[in-house]
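Okay, entry-v6.tsv now, which holds TSV, C-alpha atoms:
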chain	number	residue	atom	x	y	z
A	1	MET	CA	132.47	31.48	72.52
A	2	MET	CA	133.41	35.09	71.76
A	3	ARG	CA	136.13	35.11	74.45
A	4	GLY	CA	137.53	31.86	73.03
A	5	LEU	CA	137.70	33.40	69.57
A	6	LEU	CA	139.36	36.54	70.92
A	7	SER	CA	141.86	34.41	72.82
A	8	THR	CA	142.78	32.53	69.66
A	9	VAL	CA	143.16	35.78	67.72
A	10	SER	CA	145.39	37.24	70.45
A	11	ARG	CA	147.62	34.14	70.47
A	12	VAL	CA	147.94	34.23	66.69
A	13	LYS	CA	148.89	37.92	66.81
A	14	VAL	CA	151.55	37.24	69.45
A	15	GLU	CA	152.96	34.35	67.39
A	16	LEU	CA	153.06	36.46	64.22
A	17	ALA	CA	154.85	39.22	66.12
A	18	SER	CA	157.44	36.69	67.31
A	19	VAL	CA	158.01	35.46	63.76
A	20	ARG	CA	158.47	39.04	62.56
A	21	SER	CA	160.94	39.79	65.32
A	22	ARG	CA	163.06	36.75	64.42
A	23	ASN	CA	163.19	37.91	60.83
A	24	ASN	CA	164.37	41.40	61.80
A	25	SER	CA	167.85	42.15	63.08
A	26	ALA	CA	166.63	44.70	65.64
A	27	ALA	CA	163.39	46.02	67.09
A	28	THR	CA	162.46	49.54	66.01
A	29	SER	CA	161.46	52.15	68.57
A	30	VAL	CA	158.08	52.85	66.96
A	31	PRO	CA	155.90	50.03	65.59
A	32	SER	CA	154.08	50.28	62.29
A	33	MET	CA	150.30	50.15	62.28
A	34	ALA	CA	150.59	46.59	60.92
A	35	GLU	CA	152.04	45.64	64.33
A	36	PHE	CA	149.18	47.12	66.37
A	37	LEU	CA	148.18	44.80	69.23
A	38	THR	CA	151.30	42.67	68.89
A	39	LYS	CA	153.90	41.76	71.46
A	40	ARG	CA	157.48	42.34	70.36
A	41	PRO	CA	161.00	42.28	71.83
A	42	TYR	CA	162.09	45.59	73.29
A	43	SER	CA	165.37	47.30	72.43
A	44	PRO	CA	166.04	50.36	74.65
A	45	PRO	CA	167.69	53.60	73.54
A	46	SER	CA	171.47	53.28	73.65
A	47	TRP	CA	171.70	55.99	76.30
A	48	SER	CA	169.46	53.97	78.65
A	49	SER	CA	171.11	50.57	78.19
A	50	HIS	CA	172.75	50.78	81.62
A	51	LEU	CA	169.38	50.90	83.41
A	52	ARG	CA	168.13	47.76	85.12
A	53	PRO	CA	165.91	45.90	84.70
A	54	ILE	CA	165.36	46.44	80.97
A	55	PRO	CA	161.93	45.22	79.81
A	56	SER	CA	162.09	42.15	77.59
A	57	HIS	CA	158.97	42.94	75.57
A	58	THR	CA	156.41	45.62	74.83
A	59	PHE	CA	152.86	45.35	73.55
A	60	SER	CA	152.00	47.70	70.68
A	61	LEU	CA	148.93	49.54	71.96
A	62	ALA	CA	149.43	53.22	71.13
A	63	HIS	CA	149.26	55.09	67.81
A	64	LEU	CA	152.77	56.51	67.60
A	65	PRO	CA	154.53	58.83	67.06
A	66	THR	CA	152.16	61.51	68.26
A	67	PRO	CA	152.45	64.86	66.44
A	68	ILE	CA	154.32	67.94	67.65
A	69	HIS	CA	153.11	71.33	66.44
A	70	ARG	CA	153.36	75.03	67.29
A	71	TRP	CA	150.82	76.20	69.84
A	72	ASN	CA	149.91	79.88	69.67
A	73	LEU	CA	148.70	80.32	73.22
A	74	PRO	CA	147.90	84.01	73.88
A	75	GLY	CA	149.92	86.09	76.32
A	76	LEU	CA	153.29	84.35	76.15
A	77	PRO	CA	156.42	86.31	77.21
A	78	ASN	CA	158.41	88.07	74.49
A	79	GLY	CA	160.15	85.69	72.10
A	80	THR	CA	158.77	82.58	73.77
A	81	GLU	CA	157.83	79.71	71.45
A	82	LEU	CA	155.35	77.18	72.76
A	83	TRP	CA	154.97	73.80	71.08
A	84	ILE	CA	152.68	70.92	72.01
A	85	LYS	CA	153.09	67.15	71.76
A	86	ARG	CA	149.71	65.55	71.26
A	87	ASP	CA	149.76	62.50	73.47
A	88	ASP	CA	146.02	62.98	73.65
A	89	TYR	CA	146.18	61.33	70.19
A	90	THR	CA	147.66	58.01	71.32
A	91	GLY	CA	144.36	56.22	70.74
A	92	MET	CA	143.01	53.51	73.03
A	93	GLU	CA	139.75	55.41	73.59
A	94	LEU	CA	141.38	58.78	74.42
A	95	SER	CA	143.90	57.24	76.81
A	96	GLY	CA	146.60	59.90	76.53
A	97	ASN	CA	149.82	59.18	78.41
A	98	LYS	CA	148.48	56.08	80.15
A	99	VAL	CA	148.78	53.80	77.15
A	100	ARG	CA	152.55	54.37	76.88
A	101	LYS	CA	153.00	52.85	80.34
A	102	LEU	CA	150.53	50.07	79.58
A	103	GLU	CA	152.56	48.96	76.56
A	104	PHE	CA	155.17	47.67	79.03
A	105	LEU	CA	152.87	46.67	81.89
A	106	MET	CA	150.46	44.64	79.74
A	107	ALA	CA	153.39	42.88	78.06
A	108	GLU	CA	154.52	41.68	81.48
A	109	ALA	CA	150.97	40.63	82.37
A	110	VAL	CA	150.78	38.49	79.22
A	111	GLU	CA	154.32	37.16	79.86
A	112	GLN	CA	153.19	36.03	83.32
A	113	HIS	CA	150.12	34.29	81.82
A	114	ALA	CA	147.71	36.51	83.76
A	115	ASP	CA	144.02	36.23	82.93
A	116	THR	CA	142.95	39.20	85.05
A	117	VAL	CA	144.26	42.74	85.59
A	118	ILE	CA	143.67	44.76	88.77
A	119	THR	CA	144.29	48.48	89.11
A	120	ILE	CA	143.11	51.37	91.24
A	121	GLY	CA	142.39	55.10	91.01
A	122	GLY	CA	139.84	57.88	91.39
A	123	ILE	CA	136.25	57.59	90.24
A	124	GLN	CA	137.14	59.35	86.97
A	125	SER	CA	140.56	57.74	86.59
A	126	ASN	CA	141.89	57.95	83.04
A	127	HIS	CA	144.37	55.21	83.85
A	128	CYS	CA	141.66	52.81	85.01
A	129	ARG	CA	139.66	53.42	81.84
A	130	ALA	CA	142.77	52.87	79.72
A	131	THR	CA	143.58	49.67	81.59
A	132	ALA	CA	140.05	48.34	81.14
A	133	THR	CA	140.20	49.00	77.40
A	134	ALA	CA	143.67	47.51	76.97
A	135	SER	CA	142.66	44.45	78.98
A	136	ASN	CA	139.69	43.86	76.74
A	137	TYR	CA	141.86	44.12	73.62
A	138	LEU	CA	144.10	41.38	75.04
A	139	ASN	CA	141.27	39.16	76.28
A	140	LEU	CA	142.00	39.82	79.95
A	141	THR	CA	139.35	40.52	82.58
A	142	SER	CA	139.72	43.87	84.36
A	143	HIS	CA	138.92	44.77	87.95
A	144	LEU	CA	138.98	48.45	88.89
A	145	ILE	CA	139.02	49.76	92.46
A	146	LEU	CA	137.59	53.27	92.20
A	147	ARG	CA	137.76	55.88	94.97
A	148	THR	CA	134.66	57.99	95.53
A	149	SER	CA	132.94	59.96	98.28
A	150	LYS	CA	131.54	58.18	101.32
A	151	LEU	CA	128.01	59.21	100.34
A	152	LEU	CA	128.30	57.57	96.90
A	153	ALA	CA	130.31	54.43	97.68
A	154	ASP	CA	127.16	52.29	98.13
A	155	ASP	CA	125.35	53.57	95.02
A	156	ASP	CA	125.55	52.78	91.32
A	157	PRO	CA	128.44	54.99	90.09
A	158	GLY	CA	126.61	56.03	86.92
A	159	LEU	CA	127.82	56.41	83.34
A	160	VAL	CA	129.55	59.79	83.25
A	161	GLY	CA	132.89	60.20	81.46
A	162	ASN	CA	135.40	57.43	82.07
A	163	LEU	CA	132.82	55.31	83.86
A	164	LEU	CA	130.80	54.96	80.66
A	165	VAL	CA	133.75	53.48	78.75
A	166	GLU	CA	134.81	51.26	81.65
A	167	ARG	CA	131.36	49.78	81.99
A	168	LEU	CA	130.84	49.48	78.24
A	169	VAL	CA	133.93	47.27	77.94
A	170	GLY	CA	132.78	45.13	80.87
A	171	ALA	CA	135.18	46.16	83.63
A	172	ASN	CA	134.35	44.95	87.13
A	173	VAL	CA	134.04	48.10	89.25
A	174	HIS	CA	134.72	47.98	93.01
A	175	LEU	CA	133.88	51.20	94.86
A	176	ILE	CA	135.81	52.35	97.91
A	177	SER	CA	135.28	55.50	99.96
A	178	LYS	CA	137.98	58.15	100.13
A	179	GLU	CA	138.14	57.60	103.89
A	180	GLU	CA	138.77	53.86	103.48
A	181	TYR	CA	141.30	54.52	100.73
A	182	SER	CA	143.15	57.00	102.96
A	183	SER	CA	143.32	54.66	105.96
A	184	ILE	CA	144.06	51.42	104.08
A	185	GLY	CA	146.13	52.52	101.08
A	186	SER	CA	146.19	51.43	97.45
A	187	GLU	CA	148.74	48.63	97.87
A	188	VAL	CA	146.77	46.84	100.61
A	189	LEU	CA	143.49	47.27	98.71
A	190	THR	CA	144.86	45.78	95.47
A	191	LYS	CA	146.55	42.98	97.41
A	192	ALA	CA	143.26	42.10	99.13
A	193	LEU	CA	141.41	41.93	95.82
A	194	LYS	CA	144.26	39.92	94.27
A	195	GLU	CA	144.07	37.34	97.06
A	196	LYS	CA	140.30	37.11	96.71
A	197	LEU	CA	140.52	36.50	92.96
A	198	GLU	CA	143.32	33.96	93.39
A	199	LYS	CA	141.05	31.97	95.71
A	200	GLU	CA	138.53	31.94	92.85
A	201	GLY	CA	141.14	30.38	90.57
A	202	LYS	CA	142.15	33.56	88.73
A	203	LYS	CA	145.67	34.68	87.82
A	204	PRO	CA	145.62	38.42	88.53
A	205	TYR	CA	148.29	40.96	87.61
A	206	VAL	CA	148.31	44.16	89.68
A	207	ILE	CA	149.05	47.56	88.14
A	208	PRO	CA	149.61	50.41	90.65
A	209	VAL	CA	147.96	53.83	90.65
A	210	GLY	CA	148.52	55.51	87.27
A	211	GLY	CA	150.67	52.61	86.07
A	212	SER	CA	153.49	54.41	87.87
A	213	ASN	CA	156.15	51.91	88.83
A	214	SER	CA	159.67	51.43	87.50
A	215	LEU	CA	158.43	49.25	84.62
A	216	GLY	CA	155.77	51.79	83.62
A	217	THR	CA	158.44	54.51	83.68
A	218	TRP	CA	159.86	53.02	80.47
A	219	GLY	CA	156.81	54.38	78.63
A	220	TYR	CA	158.15	57.92	78.84
A	221	ILE	CA	161.79	56.97	78.56
A	222	GLU	CA	160.67	55.67	75.18
A	223	ALA	CA	158.70	58.89	74.56
A	224	ALA	CA	161.94	60.84	75.03
A	225	ARG	CA	163.51	58.78	72.24
A	226	GLU	CA	160.45	59.47	70.09
A	227	ILE	CA	160.83	63.23	70.57
A	228	GLU	CA	164.53	62.96	69.74
A	229	ASP	CA	163.72	61.17	66.49
A	230	GLN	CA	161.06	63.73	65.58
A	231	LEU	CA	163.48	66.63	66.09
A	232	LYS	CA	166.21	64.90	64.09
A	233	SER	CA	163.87	64.60	61.12
A	234	ARG	CA	163.12	68.34	61.05
A	235	PRO	CA	165.08	70.52	58.60
A	236	ASP	CA	164.98	73.60	60.89
A	237	GLY	CA	167.13	72.22	63.72
A	238	LEU	CA	164.45	72.81	66.35
A	239	LYS	CA	165.61	72.13	69.92
A	240	PHE	CA	163.58	72.58	73.09
A	241	ASP	CA	164.86	74.42	76.15
A	242	ASP	CA	162.04	73.21	78.38
A	243	ILE	CA	159.53	70.36	78.55
A	244	VAL	CA	156.35	70.89	80.58
A	245	VAL	CA	153.92	68.18	81.67
A	246	ALA	CA	151.25	67.52	84.29
A	247	CYS	CA	152.06	65.20	87.18
A	248	GLY	CA	149.41	63.02	88.81
A	249	SER	CA	151.08	59.77	89.83
A	250	GLY	CA	154.75	60.35	88.98
A	251	GLY	CA	155.58	57.78	86.30
A	252	THR	CA	155.32	60.12	83.33
A	253	ILE	CA	157.60	62.77	84.83
A	254	ALA	CA	160.10	60.15	85.98
A	255	GLY	CA	160.38	58.73	82.47
A	256	ILE	CA	160.49	61.95	80.47
A	257	SER	CA	162.89	63.63	82.94
A	258	LEU	CA	165.28	60.68	82.93
A	259	GLY	CA	165.06	60.37	79.15
A	260	SER	CA	165.76	64.07	78.64
A	261	TRP	CA	168.67	63.94	81.10
A	262	LEU	CA	170.33	60.83	79.66
A	263	GLY	CA	169.55	61.34	75.99
A	264	ALA	CA	170.11	64.11	73.47
A	265	LEU	CA	167.17	66.32	74.47
A	266	LYS	CA	168.82	67.92	77.52
A	267	ALA	CA	165.70	70.02	78.07
A	268	LYS	CA	164.77	71.28	81.52
A	269	VAL	CA	161.65	69.40	82.63
A	270	HIS	CA	158.92	71.20	84.58
A	271	ALA	CA	156.19	69.10	86.18
A	272	PHE	CA	152.99	70.64	87.53
A	273	SER	CA	151.59	68.40	90.28
A	274	VAL	CA	147.80	68.18	90.40
A	275	CYS	CA	147.41	66.29	93.67
A	276	ASP	CA	150.22	65.82	96.20
A	277	ASP	CA	152.88	68.40	97.05
A	278	PRO	CA	156.20	68.67	95.17
A	279	ASP	CA	158.22	67.12	98.03
A	280	TYR	CA	156.08	63.99	97.85
A	281	PHE	CA	156.69	63.66	94.12
A	282	TYR	CA	160.44	64.30	94.39
A	283	ASP	CA	160.60	61.37	96.81
A	284	PHE	CA	158.27	59.17	94.77
A	285	VAL	CA	160.15	59.82	91.53
A	286	GLN	CA	163.40	59.09	93.35
A	287	GLY	CA	162.02	55.68	94.24
A	288	LEU	CA	161.22	54.97	90.59
A	289	LEU	CA	164.70	56.10	89.52
A	290	ASP	CA	166.33	53.96	92.20
A	291	GLY	CA	164.23	51.03	91.00
A	292	LEU	CA	165.92	51.43	87.62
A	293	HIS	CA	169.40	51.87	89.17
A	294	ALA	CA	169.57	55.21	87.33
A	295	GLY	CA	172.07	56.78	89.73
A	296	VAL	CA	170.56	60.26	89.50
A	297	ASN	CA	168.82	62.59	91.93
A	298	SER	CA	165.21	63.49	91.08
A	299	ARG	CA	165.79	67.12	92.11
A	300	ASP	CA	168.54	67.41	89.51
A	301	ILE	CA	166.41	66.31	86.55
A	302	VAL	CA	162.95	67.81	87.16
A	303	ASN	CA	161.50	71.00	88.63
A	304	ILE	CA	158.13	70.25	90.27
A	305	HIS	CA	155.57	73.03	90.71
A	306	ASN	CA	152.43	72.87	92.87
A	307	ALA	CA	149.32	73.19	90.67
A	308	LYS	CA	146.79	71.18	92.67
A	309	GLY	CA	144.65	74.19	93.57
A	310	LYS	CA	141.59	73.03	95.54
A	311	GLY	CA	142.72	69.41	95.28
A	312	TYR	CA	142.81	66.44	92.94
A	313	ALA	CA	140.03	66.56	90.32
A	314	MET	CA	138.63	69.70	91.97
A	315	ASN	CA	138.57	72.94	90.02
A	316	THR	CA	138.17	76.62	90.70
A	317	SER	CA	135.96	78.65	88.39
A	318	GLU	CA	139.11	80.42	87.15
A	319	GLU	CA	140.69	77.12	86.08
A	320	LEU	CA	137.60	76.02	84.17
A	321	LYS	CA	137.27	79.44	82.55
A	322	PHE	CA	140.90	79.12	81.46
A	323	VAL	CA	140.22	75.70	79.85
A	324	LYS	CA	137.31	77.26	77.95
A	325	GLU	CA	139.40	80.25	76.81
A	326	VAL	CA	142.24	78.04	75.58
A	327	ALA	CA	139.83	75.93	73.56
A	328	SER	CA	138.18	79.02	72.06
A	329	SER	CA	141.44	80.75	71.17
A	330	THR	CA	143.62	77.83	70.02
A	331	GLY	CA	141.34	74.86	69.30
A	332	VAL	CA	143.27	72.70	71.80
A	333	ILE	CA	140.97	71.12	74.39
A	334	LEU	CA	142.59	70.53	77.75
A	335	ASP	CA	141.20	68.22	80.40
A	336	PRO	CA	140.33	69.85	83.74
A	337	VAL	CA	142.23	67.40	85.98
A	338	TYR	CA	145.72	67.23	84.46
A	339	SER	CA	146.73	69.26	81.40
A	340	GLY	CA	144.28	72.08	82.19
A	341	LYS	CA	145.82	72.63	85.62
A	342	ALA	CA	149.34	72.25	84.26
A	343	VAL	CA	148.93	74.89	81.55
A	344	TYR	CA	147.09	77.16	83.98
A	345	GLY	CA	150.04	76.81	86.35
A	346	LEU	CA	152.54	77.40	83.54
A	347	VAL	CA	150.82	80.61	82.43
A	348	ASN	CA	150.75	81.84	86.03
A	349	GLU	CA	154.48	81.13	86.35
A	350	MET	CA	155.13	83.02	83.12
A	351	THR	CA	153.03	85.95	84.33
A	352	LYS	CA	154.89	86.15	87.66
A	353	ASN	CA	158.37	85.66	86.21
A	354	PRO	CA	158.26	86.47	82.47
A	355	LYS	CA	162.04	87.03	82.25
A	356	ASN	CA	162.63	83.37	83.13
A	357	TRP	CA	160.76	82.27	80.01
A	358	GLU	CA	161.55	84.94	77.43
A	359	GLY	CA	163.12	83.61	74.24
A	360	ARG	CA	162.78	79.97	75.25
A	361	LYS	CA	161.41	77.12	73.18
A	362	ILE	CA	158.99	75.08	75.28
A	363	LEU	CA	157.36	71.73	74.58
A	364	PHE	CA	154.14	70.99	76.45
A	365	ILE	CA	153.08	67.34	76.53
A	366	HIS	CA	149.28	67.00	76.40
A	367	THR	CA	148.53	63.85	78.39
A	368	GLY	CA	144.90	63.45	77.33
A	369	GLY	CA	142.00	62.81	79.69
A	370	LEU	CA	139.28	64.61	77.75
A	371	LEU	CA	136.54	62.37	79.13
A	372	GLY	CA	137.07	64.12	82.46
A	373	LEU	CA	135.32	67.17	81.00
A	374	TYR	CA	132.00	65.34	81.14
A	375	ASP	CA	132.26	65.29	84.92
A	376	LYS	CA	132.44	69.11	84.90
A	377	VAL	CA	129.48	69.98	82.66
A	378	ASP	CA	127.42	71.48	85.47
A	379	GLN	CA	130.31	73.71	86.59
A	380	MET	CA	131.11	74.78	83.03
A	381	ALA	CA	127.56	75.38	81.81
A	382	SER	CA	127.62	79.07	82.71
A	383	LEU	CA	130.78	79.54	80.60
A	384	MET	CA	129.10	78.38	77.42
A	385	GLY	CA	127.24	80.77	75.16
A	386	ASN	CA	127.25	81.28	71.41
A	387	TRP	CA	123.83	79.83	70.73
A	388	CYS	CA	120.50	81.21	69.66
A	389	ARG	CA	117.28	80.19	67.98
A	390	MET	CA	117.84	80.73	64.25
A	391	ASP	CA	115.66	83.53	62.92
A	392	VAL	CA	114.40	82.69	59.42
A	393	SER	CA	112.59	85.47	57.63
A	394	GLU	CA	108.99	84.86	56.57
A	395	SER	CA	110.06	85.81	53.03
A	396	VAL	CA	112.16	82.63	52.72
A	397	PRO	CA	110.24	80.12	50.52
A	398	ARG	CA	108.90	77.02	52.29
A	399	LYS	CA	107.67	73.71	50.89
A	400	ASP	CA	107.07	70.52	52.85
A	401	GLY	CA	109.54	67.75	52.09
A	402	VAL	CA	112.26	69.98	50.59
A	403	GLY	CA	114.67	69.43	53.46
A	404	LYS	CA	115.68	65.77	53.79
A	405	MET	CA	116.41	64.67	57.34
A	406	PHE	CA	118.87	61.81	57.21

If you convert what's in this file into structure tokens, what do you get?
Amino acid sequence: MMRGLLSTVSRVKVELASVRSRNNSAATSVPSMAEFLTKRPYSPPSWSSHLRPIPSHTFSLAHLPTPIHRWNLPGLPNGTELWIKRDDYTGMELSGNKVRKLEFLMAEAVEQHADTVITIGGIQSNHCRATATASNYLNLTSHLILRTSKLLADDDPGLVGNLLVERLVGANVHLISKEEYSSIGSEVLTKALKEKLEKEGKKPYVIPVGGSNSLGTWGYIEAAREIEDQLKSRPDGLKFDDIVVACGSGGTIAGISLGSWLGALKAKVHAFSVCDDPDYFYDFVQGLLDGLHAGVNSRDIVNIHNAKGKGYAMNTSEELKFVKEVASSTGVILDPVYSGKAVYGLVNEMTKNPKNWEGRKILFIHTGGLLGLYDKVDQMASLMGNWCRMDVSESVPRKDGVGKMF
């Protein structure tokens, strides 16, 4: 009964969005909050109109535009200005950058009349959690293939971090060992689950790792337009020399790099890879660009740095200490898997080659993922202090019932 009601509500919202779009001469780049959870025609930035294919629609899922503000990170080179774009504020249960891609991917799923969404990632995948949440909003069933260690693949995965949200919203979780994932691959695994669900009468739509395909790339092409618009509205003429972002699956850096290259930003994009090596990502991003018929070389539009450290979702004590110090000194909380490693890598680059960064205006894009911190509480416990038992003098008056405990 509840799913039927949600389905009716979703259809009504889509129909209202269509009526609104017919009454407007053009689609705007950023929807108003009144259009949240509505499907609407997509109009690309003029500088990207030669790309193909251009998405026909987008689903309004994110809270946009996300703010840009000065970030006073300690120890920057002389004259360097660091700014931060808070894509950790996009909403969708702390979904960060993932929801920008999903705005295009979920629109296609609805367009294809899917009733089920399949995606795949690590056991603490931010993308999988975002997909599960978005699917629930749109009355679609979600199936998540989650990669974990061989020792844990046959056990209940628990309720830590992203898993808690995924299981709260009713996602169907399928565990696979890292060894199986490595030998089979994500495409074959999602295809196998798709075929199984089709035999059960479902209409599944498959989203790749991180939502990173050519369609998902439009999420950060659109983000480049958003940054352009934000800078145009400023009275101080702010312009960025560099854009820095974490790289985990490639779609975000493909979109923001292409958008900066084609549009008015013209900032040098630096990506800090948190899993595979830079050469892998240059090739992967090239595939996404070729899929859009962009006609550009990935090595010309983005500089990819290796920041994976011990490996994906694995942290050194120095990295975790850095995340803690940044939070204490600036109030900005970085996740340990993506943005934490990216900023750690950026600071190391600045320390090694300060002259390369002096006097530059840098925009760091915070891609969210804060729920990943809950998977690191044991490792970070020794870094936390600042607590004590409050010492109340015996001379302080006491009377039962004075303090109300609400």

Using all atoms listed in the file, can you list as an mmCIF file with C-alpha atoms, in the frame of the given file the residues within 9 Å of (158.0, 64.5, 80.9)?
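Below you can see result00.cif, which holds the result:
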data_model
loop_
_atom_site.group_PDB
_atom_site.id
_atom_site.type_symbol
_atom_site.label_atom_id
_atom_site.label_comp_id
_atom_site.auth_asym_id
_atom_site.auth_seq_id
_atom_site.Cartn_x
_atom_site.Cartn_y
_atom_site.Cartn_z
ATOM 1 C CA TYR A 220 158.150 57.920 78.840
ATOM 2 C CA ILE A 221 161.790 56.970 78.560
ATOM 3 C CA ALA A 223 158.700 58.890 74.560
ATOM 4 C CA ALA A 224 161.940 60.840 75.030
ATOM 5 C CA ILE A 243 159.530 70.360 78.550
ATOM 6 C CA VAL A 244 156.350 70.890 80.580
ATOM 7 C CA VAL A 245 153.920 68.180 81.670
ATOM 8 C CA ALA A 246 151.250 67.520 84.290
ATOM 9 C CA CYS A 247 152.060 65.200 87.180
ATOM 10 C CA GLY A 251 155.580 57.780 86.300
ATOM 11 C CA THR A 252 155.320 60.120 83.330
ATOM 12 C CA ILE A 253 157.600 62.770 84.830
ATOM 13 C CA ALA A 254 160.100 60.150 85.980
ATOM 14 C CA GLY A 255 160.380 58.730 82.470
ATOM 15 C CA ILE A 256 160.490 61.950 80.470
ATOM 16 C CA SER A 257 162.890 63.630 82.940
ATOM 17 C CA LEU A 258 165.280 60.680 82.930
ATOM 18 C CA GLY A 259 165.060 60.370 79.150
ATOM 19 C CA SER A 260 165.760 64.070 78.640
ATOM 20 C CA VAL A 269 161.650 69.400 82.630
ATOM 21 C CA HIS A 270 158.920 71.200 84.580
ATOM 22 C CA ALA A 271 156.190 69.100 86.180
ATOM 23 C CA VAL A 302 162.950 67.810 87.160
ATOM 24 C CA PHE A 364 154.140 70.990 76.450
ATOM 25 C CA ILE A 365 153.080 67.340 76.530
#

statement: Correct to one decimal, the distance CA of Leu320 (chain A)-CA of Pro336 (chain A) is 6.8 Å

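For the pair CA of Gly369 (chain A) and CA of Gly161 (chain A), the separation is 9.6 Å.
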
field: Among listed residues A:Ser249, A:Ile118, A:Trp261, A:Asn306, nearest Asp277 (chain A) (using only C-alpha atoms)
entry: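 Of the candidates, the smallest distance to Asp277 (chain A) is held by A:Asn306.
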
Interatomic distance, CA of Leu175 (chain A) to CA of Ile120 (chain A) (Å, one decimal):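 So the two atoms, CA of Leu175 (chain A) and CA of Ile120 (chain A), lie 9.9 Å apart.
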
message: Quick one: residues within 9 Å of Lys150 (chain A), all atoms listed in the file, excluding same-chain residues fewer than 5 positions away - as a list in words?
response: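 The contact residues come out as Ile176, Ser177, Lys178, Glu179 and Glu180 of chain A.
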
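Remark: for Pro45 (chain A), the closest of the candidate residues A:Trp387, A:Trp218, A:Phe272, A:Trp71 is A:Trp218 (distances computed over only C-alpha atoms).
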
Spatial neighbours of Ser60 (chain A), 6 Å, all atoms listed in the file, chain gap at least 3 places, as a short mmCIF file (atom, residue, chain, number, x, y, z; two decimals) with C-alpha atoms, in the frame of the given file:
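The file below, selection-v8.cif, is the result:
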data_model
loop_
_atom_site.label_atom_id
_atom_site.label_comp_id
_atom_site.auth_asym_id
_atom_site.auth_seq_id
_atom_site.Cartn_x
_atom_site.Cartn_y
_atom_site.Cartn_z
CA PHE A 36 149.18 47.12 66.37
CA LEU A 37 148.18 44.80 69.23
CA THR A 38 151.30 42.67 68.89
#

- request: Name the closest residue to Val326 (chain A) among the candidates A:Thr133, A:Gly311, A:Val169, A:Val347; distances are taken between atoms, counting only C-alpha atoms.
  value: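 Among the listed residues, A:Val347 lies closest to Val326 (chain A).
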
Counting only C-alpha atoms, the option among A:Asn162, A:Met390, A:Arg147, A:Lys85 closest to Arg70 (chain A):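 Using only C-alpha atoms, the shortest distance to Arg70 (chain A) belongs to A:Lys85.
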
- prompt: Which one is closest to Val173 (chain A): A:Leu363, A:Val402, A:Leu144, A:Met350? Count only C-alpha atoms.
  reply: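 Nearest candidate to Val173 (chain A) out of A:Leu363, A:Val402, A:Leu144, A:Met350: A:Leu144.
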
Box centre and edge lengths (Å, one decimal), axis-aligned, region 117-135 of chain A plus 8 Å each side, as JSON:
{"center_x": 140.3, "center_y": 51.0, "center_z": 84.2, "size_x": 24.1, "size_y": 32.6, "size_z": 30.4}

task: Skip Ser214 (chain A) itself and residues of its chain fewer than 5 positions away, then list as a VMD selection string all residues within 9 Å of it, counting all atoms listed in the file.
output: chain A and resid 53 251 254 to 255 287 to 292
